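As stored in upload-v7.txt (compact mmCIF, C-alpha atoms and all ligand atoms):
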```txt
# COMPACT_ATOMS: atom_id res chain seq x y z
CA MET O 1 3.49 -3.26 -10.48
CA GLN O 2 2.34 -5.73 -13.14
CA SER O 3 2.59 -4.92 -16.83
CA LYS O 4 0.89 -6.66 -19.73
CA PHE O 5 1.66 -5.98 -23.37
CA PHE O 6 -0.54 -6.50 -26.41
CA ASP O 7 -0.33 -7.93 -29.93
CA VAL O 8 0.04 -4.32 -31.07
CA PRO O 9 3.53 -3.42 -29.77
CA GLY O 10 3.82 -0.20 -27.72
CA PRO O 11 0.78 0.10 -25.44
CA ALA O 12 0.80 -1.56 -22.01
CA LEU O 13 -1.73 -2.29 -19.30
CA ILE O 14 -0.22 -1.62 -15.89
CA THR O 15 -1.70 -2.70 -12.58
CA PRO O 16 0.02 -1.26 -9.51
CA ASN O 17 -0.08 -3.39 -6.36
CA ARG O 18 -2.40 -2.12 -3.66
CA ILE O 19 -1.49 -2.75 -0.03
CA GLY O 20 -4.72 -3.04 1.89
CA ASP O 21 -5.40 -2.68 5.61
CA HIS O 22 -8.33 -1.80 7.88
CA ARG O 23 -8.17 1.85 6.71
CA GLY O 24 -8.33 1.13 3.00
CA TYR O 25 -5.29 0.77 0.72
CA PHE O 26 -1.95 2.35 -0.20
CA VAL O 27 -0.56 2.25 -3.73
CA GLU O 28 2.50 3.58 -5.49
CA ALA O 29 0.51 4.71 -8.51
CA PHE O 30 3.51 5.90 -10.57
CA LYS O 31 7.28 5.31 -10.26
CA ALA O 32 9.45 7.01 -12.88
CA ASP O 33 12.34 4.49 -12.65
CA TRP O 34 10.06 1.46 -12.88
CA PHE O 35 8.23 2.98 -15.84
CA ARG O 36 11.47 3.77 -17.69
CA GLU O 37 12.86 0.26 -17.12
CA ASN O 38 9.70 -1.74 -17.75
CA VAL O 39 7.60 0.24 -20.22
CA GLU O 40 9.26 3.15 -22.07
CA ASP O 41 12.00 5.70 -21.42
CA VAL O 42 9.93 8.88 -21.28
CA THR O 43 9.48 11.92 -19.06
CA PHE O 44 6.06 13.17 -18.06
CA VAL O 45 5.57 16.95 -18.09
CA GLN O 46 1.84 17.55 -17.56
CA ASP O 47 -1.00 15.93 -15.63
CA ASN O 48 -4.53 16.15 -17.06
CA GLN O 49 -7.87 15.37 -15.47
CA SER O 50 -11.37 15.31 -16.90
CA MET O 51 -14.79 14.48 -15.53
CA SER O 52 -17.58 13.18 -17.75
CA ALA O 53 -21.08 13.27 -16.30
CA GLN O 54 -22.99 10.91 -18.56
CA VAL O 55 -22.59 7.23 -19.28
CA GLY O 56 -22.00 6.91 -23.03
CA THR O 57 -19.82 10.02 -23.32
CA ILE O 58 -16.96 9.43 -25.77
CA ARG O 59 -13.83 11.62 -25.81
CA GLY O 60 -11.51 11.03 -28.77
CA LEU O 61 -9.88 9.78 -30.74
CA HIS O 62 -7.14 12.36 -30.15
CA TYR O 63 -3.40 12.79 -30.69
CA GLN O 64 -0.90 15.64 -31.00
CA SER O 65 1.27 15.88 -34.10
CA ALA O 66 5.07 16.30 -34.04
CA PRO O 67 6.96 17.96 -32.46
CA PHE O 68 4.31 17.89 -29.72
CA GLY O 69 3.47 14.17 -29.88
CA GLN O 70 2.34 12.84 -26.51
CA GLY O 71 2.60 9.54 -24.71
CA LYS O 72 -0.24 9.25 -22.17
CA LEU O 73 -0.52 7.19 -19.01
CA VAL O 74 -4.23 6.96 -18.27
CA ARG O 75 -6.09 5.94 -15.13
CA VAL O 76 -9.47 6.40 -13.53
CA LEU O 77 -9.92 8.18 -10.19
CA LYS O 78 -13.67 7.64 -9.95
CA GLY O 79 -15.97 5.43 -12.03
CA ALA O 80 -14.98 3.38 -15.09
CA ILE O 81 -14.06 3.72 -18.76
CA PHE O 82 -13.42 1.60 -21.82
CA ASP O 83 -10.06 3.04 -22.92
CA VAL O 84 -8.91 2.67 -26.53
CA THR O 85 -5.74 3.33 -28.45
CA VAL O 86 -5.10 3.04 -32.20
CA ASP O 87 -1.74 2.75 -33.94
CA ILE O 88 -1.59 5.63 -36.46
CA ARG O 89 2.19 5.62 -37.09
CA LYS O 90 3.25 5.88 -40.72
CA ASP O 91 4.90 2.62 -41.92
CA SER O 92 3.91 0.72 -38.77
CA PRO O 93 3.13 -2.98 -39.42
CA THR O 94 0.16 -2.58 -37.03
CA PHE O 95 -1.12 0.70 -38.52
CA GLY O 96 -4.87 1.07 -37.96
CA GLN O 97 -5.08 -1.66 -35.32
CA TRP O 98 -6.72 -0.83 -32.00
CA ILE O 99 -6.66 -2.21 -28.49
CA GLY O 100 -9.13 -1.56 -25.68
CA ALA O 101 -9.11 -2.09 -21.93
CA ASN O 102 -11.51 -1.47 -19.08
CA LEU O 103 -10.00 0.94 -16.56
CA THR O 104 -11.75 1.31 -13.23
CA ALA O 105 -11.23 3.32 -10.06
CA GLU O 106 -11.82 0.10 -8.16
CA GLY O 107 -9.05 -1.82 -9.94
CA GLY O 108 -6.57 1.04 -10.46
CA GLU O 109 -5.50 -0.24 -13.92
CA GLN O 110 -3.52 2.13 -16.15
CA LEU O 111 -3.18 2.17 -19.95
CA TRP O 112 0.05 3.40 -21.56
CA VAL O 113 -0.69 5.10 -24.88
CA PRO O 114 2.61 5.77 -26.70
CA ASP O 115 3.36 8.69 -29.01
CA GLY O 116 2.06 7.83 -32.48
CA PHE O 117 -1.17 6.34 -31.15
CA ALA O 118 -4.59 8.01 -31.12
CA HIS O 119 -6.48 7.79 -27.83
CA GLY O 120 -10.09 7.87 -26.73
CA PHE O 121 -12.43 6.50 -24.11
CA CYS O 122 -16.08 5.98 -23.35
CA ILE O 123 -17.66 6.51 -19.98
CA LEU O 124 -19.21 3.51 -18.24
CA GLU O 125 -20.34 5.09 -14.92
CA PRO O 126 -21.84 8.53 -14.14
CA ASN O 127 -19.44 11.33 -13.11
CA THR O 128 -16.33 9.39 -14.08
CA GLU O 129 -13.01 11.13 -13.45
CA VAL O 130 -10.03 10.31 -15.68
CA PHE O 131 -6.46 11.31 -14.88
CA TYR O 132 -3.53 11.05 -17.27
CA LYS O 133 0.10 12.03 -17.35
CA VAL O 134 1.47 13.23 -20.72
CA THR O 135 5.00 13.47 -22.12
CA ASN O 136 4.62 16.77 -24.00
CA PRO O 137 2.70 19.93 -23.16
CA TYR O 138 -0.65 20.73 -24.75
CA SER O 139 -0.45 22.56 -28.07
CA ARG O 140 -3.74 23.69 -29.54
CA GLU O 141 -2.26 23.86 -33.09
CA HIS O 142 -1.01 20.26 -32.86
CA ASP O 143 -4.19 18.86 -31.29
CA LYS O 144 -5.66 16.44 -33.89
CA GLY O 145 -8.23 13.70 -34.09
CA VAL O 146 -9.57 10.65 -35.88
CA ALA O 147 -13.23 9.58 -36.01
CA PHE O 148 -14.07 7.26 -33.11
CA ASP O 149 -16.57 5.41 -35.34
CA ASP O 150 -14.45 5.03 -38.47
CA PRO O 151 -15.44 1.59 -39.83
CA GLU O 152 -11.92 1.12 -41.17
CA ILE O 153 -10.69 1.03 -37.55
CA GLY O 154 -13.75 -0.85 -36.31
CA ILE O 155 -13.56 -0.18 -32.58
CA GLU O 156 -16.10 -2.27 -30.67
CA TRP O 157 -17.37 0.38 -28.25
CA PRO O 158 -19.45 -1.16 -25.44
CA ILE O 159 -22.25 1.42 -25.75
CA ASP O 160 -25.01 2.38 -28.18
CA LEU O 161 -23.19 4.82 -30.49
CA ALA O 162 -26.48 6.48 -31.48
CA GLU O 163 -26.66 7.75 -27.87
CA ALA O 164 -23.01 8.83 -27.57
CA VAL O 165 -22.35 12.23 -25.95
CA LEU O 166 -19.65 14.01 -28.00
CA SER O 167 -17.87 17.36 -28.25
CA ASP O 168 -18.56 19.36 -31.42
CA LYS O 169 -14.96 18.65 -32.46
CA ASP O 170 -15.37 14.88 -32.10
CA LYS O 171 -18.56 14.83 -34.21
CA VAL O 172 -16.54 15.76 -37.30
CA GLN O 173 -13.08 14.24 -36.93
CA PRO O 174 -11.32 12.98 -40.09
CA LYS O 175 -11.14 9.32 -41.02
CA LEU O 176 -8.03 7.14 -40.81
CA ALA O 177 -7.78 7.31 -44.62
CA ASP O 178 -7.42 11.11 -44.36
CA LEU O 179 -4.10 10.69 -42.49
CA ASN O 180 -2.34 9.86 -45.78
CA GLY O 181 -0.80 6.66 -44.49
CA GLY O 182 -0.23 7.79 -40.91
CA ILE O 183 1.68 10.31 -38.83
CA GLU O 184 5.42 10.83 -38.40
CA ILE O 185 6.67 10.80 -34.81
C1 LIG H 201 -6.19 18.42 -23.78
C2 LIG H 201 -6.19 19.87 -23.25
C3 LIG H 201 -7.29 20.67 -23.46
N1 LIG H 201 -7.28 21.95 -23.01
C4 LIG H 201 -8.48 22.78 -23.21
C5 LIG H 201 -8.96 22.95 -24.65
C6 LIG H 201 -10.45 23.09 -24.48
O1 LIG H 201 -10.76 24.46 -24.21
C7 LIG H 201 -10.78 22.27 -23.25
C8 LIG H 201 -11.34 20.88 -23.59
O2 LIG H 201 -10.46 20.27 -24.53
P1 LIG H 201 -10.89 18.97 -25.33
O3 LIG H 201 -12.29 19.11 -25.81
O4 LIG H 201 -9.83 18.70 -26.34
O5 LIG H 201 -10.86 17.88 -24.17
P2 LIG H 201 -10.91 16.30 -24.31
O6 LIG H 201 -11.89 15.93 -25.36
O7 LIG H 201 -11.08 15.72 -22.97
O8 LIG H 201 -9.47 15.98 -24.88
C9 LIG H 201 -8.69 14.92 -24.36
O9 LIG H 201 -9.24 13.72 -24.87
C10 LIG H 201 -8.52 12.53 -24.52
C11 LIG H 201 -9.19 11.39 -25.21
C12 LIG H 201 -7.08 12.64 -24.77
O10 LIG H 201 -6.41 11.70 -25.17
C13 LIG H 201 -6.43 13.92 -24.39
O11 LIG H 201 -5.11 14.02 -24.88
C14 LIG H 201 -7.25 15.13 -24.82
O12 LIG H 201 -7.18 15.26 -26.24
O13 LIG H 201 -9.56 22.13 -22.52
C15 LIG H 201 -6.21 22.48 -22.35
O14 LIG H 201 -6.21 23.66 -21.93
N2 LIG H 201 -5.10 21.68 -22.13
C16 LIG H 201 -5.06 20.40 -22.56
O15 LIG H 201 -4.04 19.68 -22.34
```
Since I need it in another form, could you write the structure as structure tokens?
Ligand SMILES: Cc1cn([C@H]2C[C@H](O)[C@@H](COP(=O)(O)OP(=O)(O)O[C@H]3O[C@@H](C)C(=O)[C@@H](O)[C@H]3O)O2)c(=O)[nH]c1=O
Amino acid sequence: MQSKFFDVPGPALITPNRIGDHRGYFVEAFKADWFRENVEDVTFVQDNQSMSAQVGTIRGLHYQSAPFGQGKLVRVLKGAIFDVTVDIRKDSPTFGQWIGANLTAEGGEQLWVPDGFAHGFCILEPNTEVFYKVTNPYSREHDKGVAFDDPEIGIEWPIDLAEAVLSDKDKVQPKLADLNGGIEI
């Protein structure tokens, strides 16, 4: 496993080693001990999977508020995404800063999105399947969002935003400024 960290402390890009042979490849896609020692000491309690049919679909930006804050370990099973995370922690020196990474089924890259970060992605290939482990169970009352196109965050999405496919919820998410300085974790 290789891990790369960013200028915004917390998130990590992880690339598990694939062992190839004439049949295809084998990969240890997740190892709890390695993750605890090399990335963050967390326990995953739920696995999520979504499929998005159309290129240009955006899901996010989402987070769960305390005490149901979630860390998310995201990867792509089929297709490709541009995966984004934004630091929304109150009093964080990197509050409002975002990082993005291309995750592909072909490359097997994974993005670690820590608790206190909003998360979203846009779909780069038809019928893309995204899989992610989370550190807290889903709670509808704590499910929150931030506008994916908030100019204050300034995410450089690699698609035409006028054509983005969105859920009703994601069309009307609050702005970063509405978080009153950020969330407590
Ligand atoms: C996230 C989630 C949703 N649901 C339900 C609620 C709803 O009826 C349906 C679809 O939910 P959503 O529209 O919120 O799905 P989606 O927009 O894919 O939400 C996801 O987006 C990405 C970016 C994330 O980071 C995730 O944490 C999650 O918020 O699934 C669950 O039952 N369990 C869950 O864990």
**Prompt:** Which polymer residues have any atom within 12 Å of an atom of Arg140 in chain O, counting only C-alpha atoms, with same-chain residues fewer than 4 positions away left out, as a ChimeraX atom specification?
**Reply:** /O:62-65,68-69,144-145
**Request:** List the neighbours of Val84 in chain O out to 10 Å using all atoms listed in the file; skip same-chain residues closer than 5 positions along the sequence, and give me the result as a PyMOL selection string.
**Result:** chain O and resi 60-61+98-102+111+113+117-122+148+155-157
**Request:** For each of O:Gln97, O:Ser139, O:Asn180, O:Thr128, take the minimum atom-to-atom distance to ligand LIG 201 (chain H), counting all atoms listed in the file, then give the residue where this is smallest.
**Result:** O:Ser139
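For the choices O:Arg36, O:Arg59, O:His22, O:Lys72, the atom-to-atom distance to Ser167 in chain O is smallest for O:Arg59 when using all atoms listed in the file.
Reported to one decimal place, the separation of CA of Val130 in chain O from CA of Val74 in chain O is 7.2 Å.
Atom to atom, CA of Val45 in chain O and CA of Ile183 in chain O stand 22.1 Å apart.
Counting from CA of Ser50 in chain O, the distance to atom P2 of ligand LIG 201 (chain H) is 7.5 Å.
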**Prompt:** Of the residues O:Glu28, O:Glu109, O:Asp149, O:Asp47, which is the one nearest to ligand LIG 201 (chain H), using only C-alpha atoms and all ligand atoms?
**Reply:** O:Asp47
**Asked** Between O:Ala66, O:Ile123, O:Met51, O:Val146, which is the closest to Pro158 in chain O once you count only C-alpha atoms?
**Response** O:Ile123
**Prompt:** For Leu13 in chain O, which residue among O:Leu179, O:Leu73, O:Ala32, O:Ile88 is the nearest when counting only C-alpha atoms?
**Reply:** O:Leu73
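Using only C-alpha atoms, the shortest contact distance between Ile185 in chain O and any of O:Pro67, O:Lys171, O:Tyr132, O:Asn127 is found at O:Pro67.
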